[in-house]
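*Asks:* I'd like to ask some things about the structure below.
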Amino acid sequence: MIIPKEQLLNNVLLNGIQDMVYIMEVKDQDKFIYNFINHAVLKYAGLTKDIIGRTFHEVLDQQKADFLYRKYKEVLDSKDIVVYNDLFPSPIGETRYGENVLTPIFDEDNNCTHIVAVVKDITERRLAEDVAEKARELLIEGKQRYQSLFDYNLDGVMAIDEDGIIVAANRSIELITGYSEDNLKGVPYITLILPEDVDKAKKYFEIAINGILEEFSVKMRNKSGDNIELIIKLTPIIVNDKTVGIYAICKDITEQITIQNKYTESENKFEIIAEYSGDLITMLDHAGKITYVSPSYRDVLNFNPEEYIGKEFYYNVHPEDIDDLFESFENSKKSGKPWEAQFRQKHRKMGWIWSELKGSPVFDENKAFKQMVVLSRDISFRKNYEDKLKYFAYHDSLTGLPNRRYFTMKLKEALDSFESNGDKFAIIIMDLDRFKEINDTFGHDIGDKAISEFAFRVGKQIRSKDTLARLGGDEFVLLLQSLDCKDDAIHIAEDIIDAVKAPWQIDHAEFVTTTSLGISLLSRDKANSYESLFRNADQALYEAKHAGGNRYSIKM
């Protein structure tokens, strides 16, 4: 059987090309009519063959139609191929990236009769490019952070190769030793150490070069000839699982040692440190009772330090945090590992504040727990910052409503609840009718305030158990939970329509607008999914707007 050439060409265009293909007929040099679409358009763009014979403005929203008209008019005016990228919505509500190639077709009189548009979905490529660019930015940022950490560290830092030769040093090393980086480069690091500590320095360097972090104290002679005492922490530099050198982080403790040498009793040493500490220092006995608190309790918590003596370690701790704090305290006593915890404790004027503690258990010569030395500090600012970051990750900055990410999480929870308990729900996608006119007439500031007012009006009509989220632009989505029947959803939709069509006044702008809603109900005949519910709601919204707006439409 021989397939006619025209039929063969049509089959190739319809089925054989994976990219989306549109053929637009040119009428009167300024009208573009859908003449042909292939299966890829039906599958990926969500359009139907009903658009054949219709113009952009009869099929698409005003903004999209105007945009396409300008691009196709550019082809007519230039009589040349036009290439551009834009966004298009998928049938499941995703925003996809498309590369568009518009090619004019001419008759024998050189008149453009048709324009062929081939749209390639480049979403994956675009996302990959975005990821690569982000990775590049993070790499540059990481290098800058490393350099800042090295250059501006208050502790002295030397980079030492695997043979023990100094290859770099920061400014703090010069402040500690008097030697500049140029003086130190190429010098074996042990030459800086006093003879009695050289063997110790060699020993710990060999341990560190084998990949184990070590810390020890040594004496060194500075450039002025004075002896100084340092605590050195040797940290392996590991590249591709191989130790290629060592970072030596040096802290000058000469002054502290001098102070300590003035006192022979350990209690006096401790009191000197605690007296001038801005952190909270606490000592607990073997039973967990407080035996000492530092004077900083008065500044940090606004309580008299004496008030704590003899109390349980969880005195003035938030009741909800006591059990976890007690458990971690007992674990530290038994294991001998440091005690670390975050908890809330009472400030006399500010109420509960977040704090972080680090405790060191002390054991006697028989390895029996004797006491706990605890250092704690106020971390309220950090906790508040973390809470704000979490909030912004799940909320829209303009309206304060949940965003798409938060709504997706709530919708999946509702689906799970329906599958396990049969709890019915519905979703409604809605937007403002003629929102573009508001923006064009009054400006984007009024447009933003209109979006916030829209959110407020809708929010007044829903229940506390429902979830309203902003998807983007003037588009919102509403999750209605615990529904008995579809009339429940309809009543709420009607209330929203009535609330929105009431007159609007925002600053100097007075206008009237309406809303269209697409309601997606749970299907009784087929499986329900996140994608199917969104697709149905989006299609229902399209039908409501196509019917003139100021109404709802239902899909299930």
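Chain identifiers are assigned as A, B, and so on, following the order in which chains appear in the structure tokens; residues are numbered from 1 within each chain, and ligands are numbered from 1 in order of appearance.
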Just the residues within 12 Å of Glu330 of chain A, please, counting only C-alpha atoms, with nothing from its chain fewer than 3 positions along; format it as a VMD selection string.
*Replies:* chain A and resid 286 to 288 313 323 to 327 333 to 340 359 361 369 372
*Asks:* Would you please extract all strand (DSSP E) residues from segment 213-338 of chain A, as assigned by DSSP on the backbone, and give them as a ChimeraX atom specification?
*Replies:* /A:214-221,227-239,242-252,280-285,290-293
*Asks:* If DSSP is run on the backbone, what residues of segment 453-487 of chain A are helix (DSSP H, G or I)? A reply as a list in words would be ideal.
*Replies:*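 These are the residues in question: Glu453, Phe454, Ala455, Phe456, Arg457, Val458, Gly459, Lys486 and Asp487 of chain A.
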*Asks:* What would the file look like if the residues just selected were written as a PDB file, in the first residue's frame with N, CA and C atoms?
*Replies:*
ATOM      1  N   GLU A 453      -4.816  42.425  49.349  1.00  0.00           N
ATOM      2  CA  GLU A 453      -6.230  42.595  49.701  1.00  0.00           C
ATOM      3  C   GLU A 453      -7.051  41.379  49.269  1.00  0.00           C
ATOM      4  N   PHE A 454      -6.713  40.827  48.110  1.00  0.00           N
ATOM      5  CA  PHE A 454      -7.387  39.611  47.634  1.00  0.00           C
ATOM      6  C   PHE A 454      -7.182  38.479  48.647  1.00  0.00           C
ATOM      7  N   ALA A 455      -5.936  38.326  49.112  1.00  0.00           N
ATOM      8  CA  ALA A 455      -5.646  37.296  50.105  1.00  0.00           C
ATOM      9  C   ALA A 455      -6.438  37.531  51.387  1.00  0.00           C
ATOM     10  N   PHE A 456      -6.547  38.809  51.789  1.00  0.00           N
ATOM     11  CA  PHE A 456      -7.287  39.135  53.023  1.00  0.00           C
ATOM     12  C   PHE A 456      -8.761  38.797  52.875  1.00  0.00           C
ATOM     13  N   ARG A 457      -9.356  39.189  51.726  1.00  0.00           N
ATOM     14  CA  ARG A 457     -10.796  38.943  51.534  1.00  0.00           C
ATOM     15  C   ARG A 457     -11.100  37.446  51.492  1.00  0.00           C
ATOM     16  N   VAL A 458     -10.250  36.705  50.813  1.00  0.00           N
ATOM     17  CA  VAL A 458     -10.461  35.252  50.746  1.00  0.00           C
ATOM     18  C   VAL A 458     -10.274  34.633  52.134  1.00  0.00           C
ATOM     19  N   GLY A 459      -9.240  35.095  52.846  1.00  0.00           N
ATOM     20  CA  GLY A 459      -8.965  34.548  54.168  1.00  0.00           C
ATOM     21  C   GLY A 459     -10.107  34.736  55.147  1.00  0.00           C
ATOM     22  N   LYS A 486     -20.034  18.167  48.353  1.00  0.00           N
ATOM     23  CA  LYS A 486     -19.498  19.208  47.477  1.00  0.00           C
ATOM     24  C   LYS A 486     -20.162  20.559  47.720  1.00  0.00           C
ATOM     25  N   ASP A 487     -21.387  20.555  48.306  1.00  0.00           N
ATOM     26  CA  ASP A 487     -22.055  21.823  48.592  1.00  0.00           C
ATOM     27  C   ASP A 487     -21.254  22.663  49.581  1.00  0.00           C
TER      28      ASP A 487
END
*Asks:* Show me, as a PyMOL selection string, the residues that have an atom within 6 Å of Gln371 of chain A when counting only C-alpha atoms, minus same-chain residues fewer than 4 positions from it.
*Replies:* chain A and resi 284-286+362
*Asks:* Next, write the just-selected residues to a file, as a short mmCIF file (atom, residue, chain, number, x, y, z; two decimals), in the first residue's frame, keeping N, CA, C and O atoms as the atom set.
*Replies:*
data_model
loop_
_atom_site.label_atom_id
_atom_site.label_comp_id
_atom_site.auth_asym_id
_atom_site.auth_seq_id
_atom_site.Cartn_x
_atom_site.Cartn_y
_atom_site.Cartn_z
N LEU A 284 28.09 21.57 89.02
CA LEU A 284 27.10 20.68 89.62
C LEU A 284 27.82 19.58 90.40
O LEU A 284 28.87 19.09 89.95
N ASP A 285 27.24 19.17 91.51
CA ASP A 285 27.84 18.06 92.24
C ASP A 285 27.40 16.73 91.65
O ASP A 285 26.71 16.69 90.62
N HIS A 286 27.78 15.62 92.28
CA HIS A 286 27.50 14.30 91.72
C HIS A 286 26.01 14.02 91.60
O HIS A 286 25.58 13.20 90.79
N VAL A 362 33.57 15.48 85.37
CA VAL A 362 34.85 15.30 86.09
C VAL A 362 34.74 14.05 86.95
O VAL A 362 33.76 13.88 87.69
#
*Asks:* Of the candidates A:Asn302, A:Thr514, A:Asn153, A:Ser224, which one gets nearest to Gly178 of chain A if we count only C-alpha atoms?
*Replies:* A:Ser224
*Asks:* For Ser553 of chain A, find every residue with an atom within 7 Å (counting only C-alpha atoms), except residues of its own chain fewer than 4 positions away, and show them as number ranges by chain.
*Replies:* A: 517-519, 540-541, 543-544
*Asks:* Could you turn the residues from that selection into a file that holds C-alpha atoms, as an mmCIF file, in the first residue's frame?
*Replies:*
data_model
loop_
_atom_site.group_PDB
_atom_site.id
_atom_site.type_symbol
_atom_site.label_atom_id
_atom_site.label_comp_id
_atom_site.auth_asym_id
_atom_site.auth_seq_id
_atom_site.Cartn_x
_atom_site.Cartn_y
_atom_site.Cartn_z
ATOM 1 C CA LEU A 517 -12.444 29.781 40.816
ATOM 2 C CA GLY A 518 -11.677 26.233 39.704
ATOM 3 C CA ILE A 519 -12.847 23.575 42.177
ATOM 4 C CA ALA A 540 -11.967 24.223 36.007
ATOM 5 C CA LEU A 541 -10.444 27.699 36.511
ATOM 6 C CA GLU A 543 -13.507 27.107 32.106
ATOM 7 C CA ALA A 544 -14.735 29.638 34.669
#
*Asks:* Work out how far apart atom CA of Ser520 of chain A and atom CA of Lys465 of chain A are and give it in Å to one decimal.
*Replies:*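 Value for the atom CA of Ser520 of chain A-atom CA of Lys465 of chain A distance: 18.0 Å.
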*Asks:* So what do you get for atom CA of Val82 of chain A versus atom CA of Asp440 of chain A, distance-wise?
*Replies:*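 Spanning atom CA of Val82 of chain A to atom CA of Asp440 of chain A is a straight-line distance of 27.6 Å.
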*Asks:* What does the distance from atom CA of Leu375 of chain A to atom CA of Val293 of chain A come to in Å, to one decimal?
*Replies:*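 Between atom CA of Leu375 of chain A and atom CA of Val293 of chain A the gap is 10.0 Å.
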*Asks:* With only C-alpha atoms as the counted atoms, please give the residues lying no more than 9 Å from Arg96 of chain A, apart from itself and same-chain residues fewer than 2 positions off, as a CSV table (one decimal) with C-alpha atoms, in the first residue's frame.
*Replies:*
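To be explicit, this is the file written out as around13.csv:
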chain,number,residue,atom,x,y,z
A,86,ASP,CA,9.6,31.8,27.1
A,87,LEU,CA,7.6,29.9,29.7
A,88,PHE,CA,4.5,27.7,29.2
A,89,PRO,CA,2.3,25.9,31.8
A,90,SER,CA,2.1,22.1,31.6
A,94,GLU,CA,4.3,23.1,36.3
A,98,GLY,CA,10.5,26.5,25.8
A,121,ASP,CA,11.0,21.9,25.9
A,122,ILE,CA,14.4,23.0,27.3
A,123,THR,CA,13.3,22.8,31.0
A,124,GLU,CA,15.9,20.2,32.0
*Asks:* Within 10 Å of Glu437 of chain A, counting only C-alpha atoms, which residues qualify if same-chain residues fewer than 5 places away don't, as a list in words?
*Replies:*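 The residues satisfying every condition are Gln62, Phe442, Gly443, Gly447 and Thr513 of chain A.
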*Asks:* What does the file look like for those residues with all heavy atoms, as a PDB file, in the first residue's frame?
*Replies:*
ATOM      1  N   GLN A  62      -4.989  37.493  27.878  1.00  0.00           N
ATOM      2  CA  GLN A  62      -4.622  38.714  27.163  1.00  0.00           C
ATOM      3  C   GLN A  62      -3.111  38.915  27.103  1.00  0.00           C
ATOM      4  O   GLN A  62      -2.559  39.218  26.049  1.00  0.00           O
ATOM      5  CB  GLN A  62      -5.275  39.918  27.872  1.00  0.00           C
ATOM      6  CG  GLN A  62      -4.990  41.272  27.220  1.00  0.00           C
ATOM      7  CD  GLN A  62      -5.796  41.490  25.952  1.00  0.00           C
ATOM      8  OE1 GLN A  62      -6.884  40.950  25.838  1.00  0.00           O
ATOM      9  NE2 GLN A  62      -5.268  42.241  25.004  1.00  0.00           N
ATOM     10  N   PHE A 442      -3.168  51.341  37.428  1.00  0.00           N
ATOM     11  CA  PHE A 442      -2.774  51.975  38.691  1.00  0.00           C
ATOM     12  C   PHE A 442      -1.310  51.758  39.067  1.00  0.00           C
ATOM     13  O   PHE A 442      -0.826  52.359  40.023  1.00  0.00           O
ATOM     14  CB  PHE A 442      -3.665  51.460  39.828  1.00  0.00           C
ATOM     15  CG  PHE A 442      -5.135  51.713  39.608  1.00  0.00           C
ATOM     16  CD1 PHE A 442      -5.992  50.655  39.305  1.00  0.00           C
ATOM     17  CD2 PHE A 442      -5.655  52.997  39.697  1.00  0.00           C
ATOM     18  CE1 PHE A 442      -7.344  50.875  39.107  1.00  0.00           C
ATOM     19  CE2 PHE A 442      -7.009  53.229  39.497  1.00  0.00           C
ATOM     20  CZ  PHE A 442      -7.861  52.177  39.198  1.00  0.00           C
ATOM     21  N   GLY A 443      -0.620  50.885  38.372  1.00  0.00           N
ATOM     22  CA  GLY A 443       0.777  50.638  38.681  1.00  0.00           C
ATOM     23  C   GLY A 443       0.963  49.402  39.538  1.00  0.00           C
ATOM     24  O   GLY A 443       0.034  48.878  40.158  1.00  0.00           O
ATOM     25  N   GLY A 447      -0.996  47.123  42.364  1.00  0.00           N
ATOM     26  CA  GLY A 447      -1.201  45.717  42.022  1.00  0.00           C
ATOM     27  C   GLY A 447      -0.787  44.788  43.147  1.00  0.00           C
ATOM     28  O   GLY A 447      -1.503  43.841  43.487  1.00  0.00           O
ATOM     29  N   THR A 513     -13.538  44.633  40.825  1.00  0.00           N
ATOM     30  CA  THR A 513     -13.027  43.468  40.118  1.00  0.00           C
ATOM     31  C   THR A 513     -13.711  42.217  40.648  1.00  0.00           C
ATOM     32  O   THR A 513     -14.480  42.279  41.609  1.00  0.00           O
ATOM     33  CB  THR A 513     -11.499  43.351  40.271  1.00  0.00           C
ATOM     34  OG1 THR A 513     -11.013  42.315  39.404  1.00  0.00           O
ATOM     35  CG2 THR A 513     -11.107  43.015  41.700  1.00  0.00           C
TER      36      THR A 513
END
*Asks:* Let me make sure I understand: among A:Val26, A:Arg298, A:Leu184, A:Gly164, which one has the smallest atom-to-atom distance to Ala201 of chain A if we use only C-alpha atoms?
*Replies:*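 The shortest atom-to-atom distance to Ala201 of chain A comes from A:Gly164.
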*Asks:* So which residues touch Tyr542 of chain A within 12 Å, counting only C-alpha atoms, skipping near sequence neighbours fewer than 4 positions away, as a PyMOL selection string?
*Replies:* chain A and resi 46-47+59-61+91+429-431+433+515-519+535-538+546-549+551-555
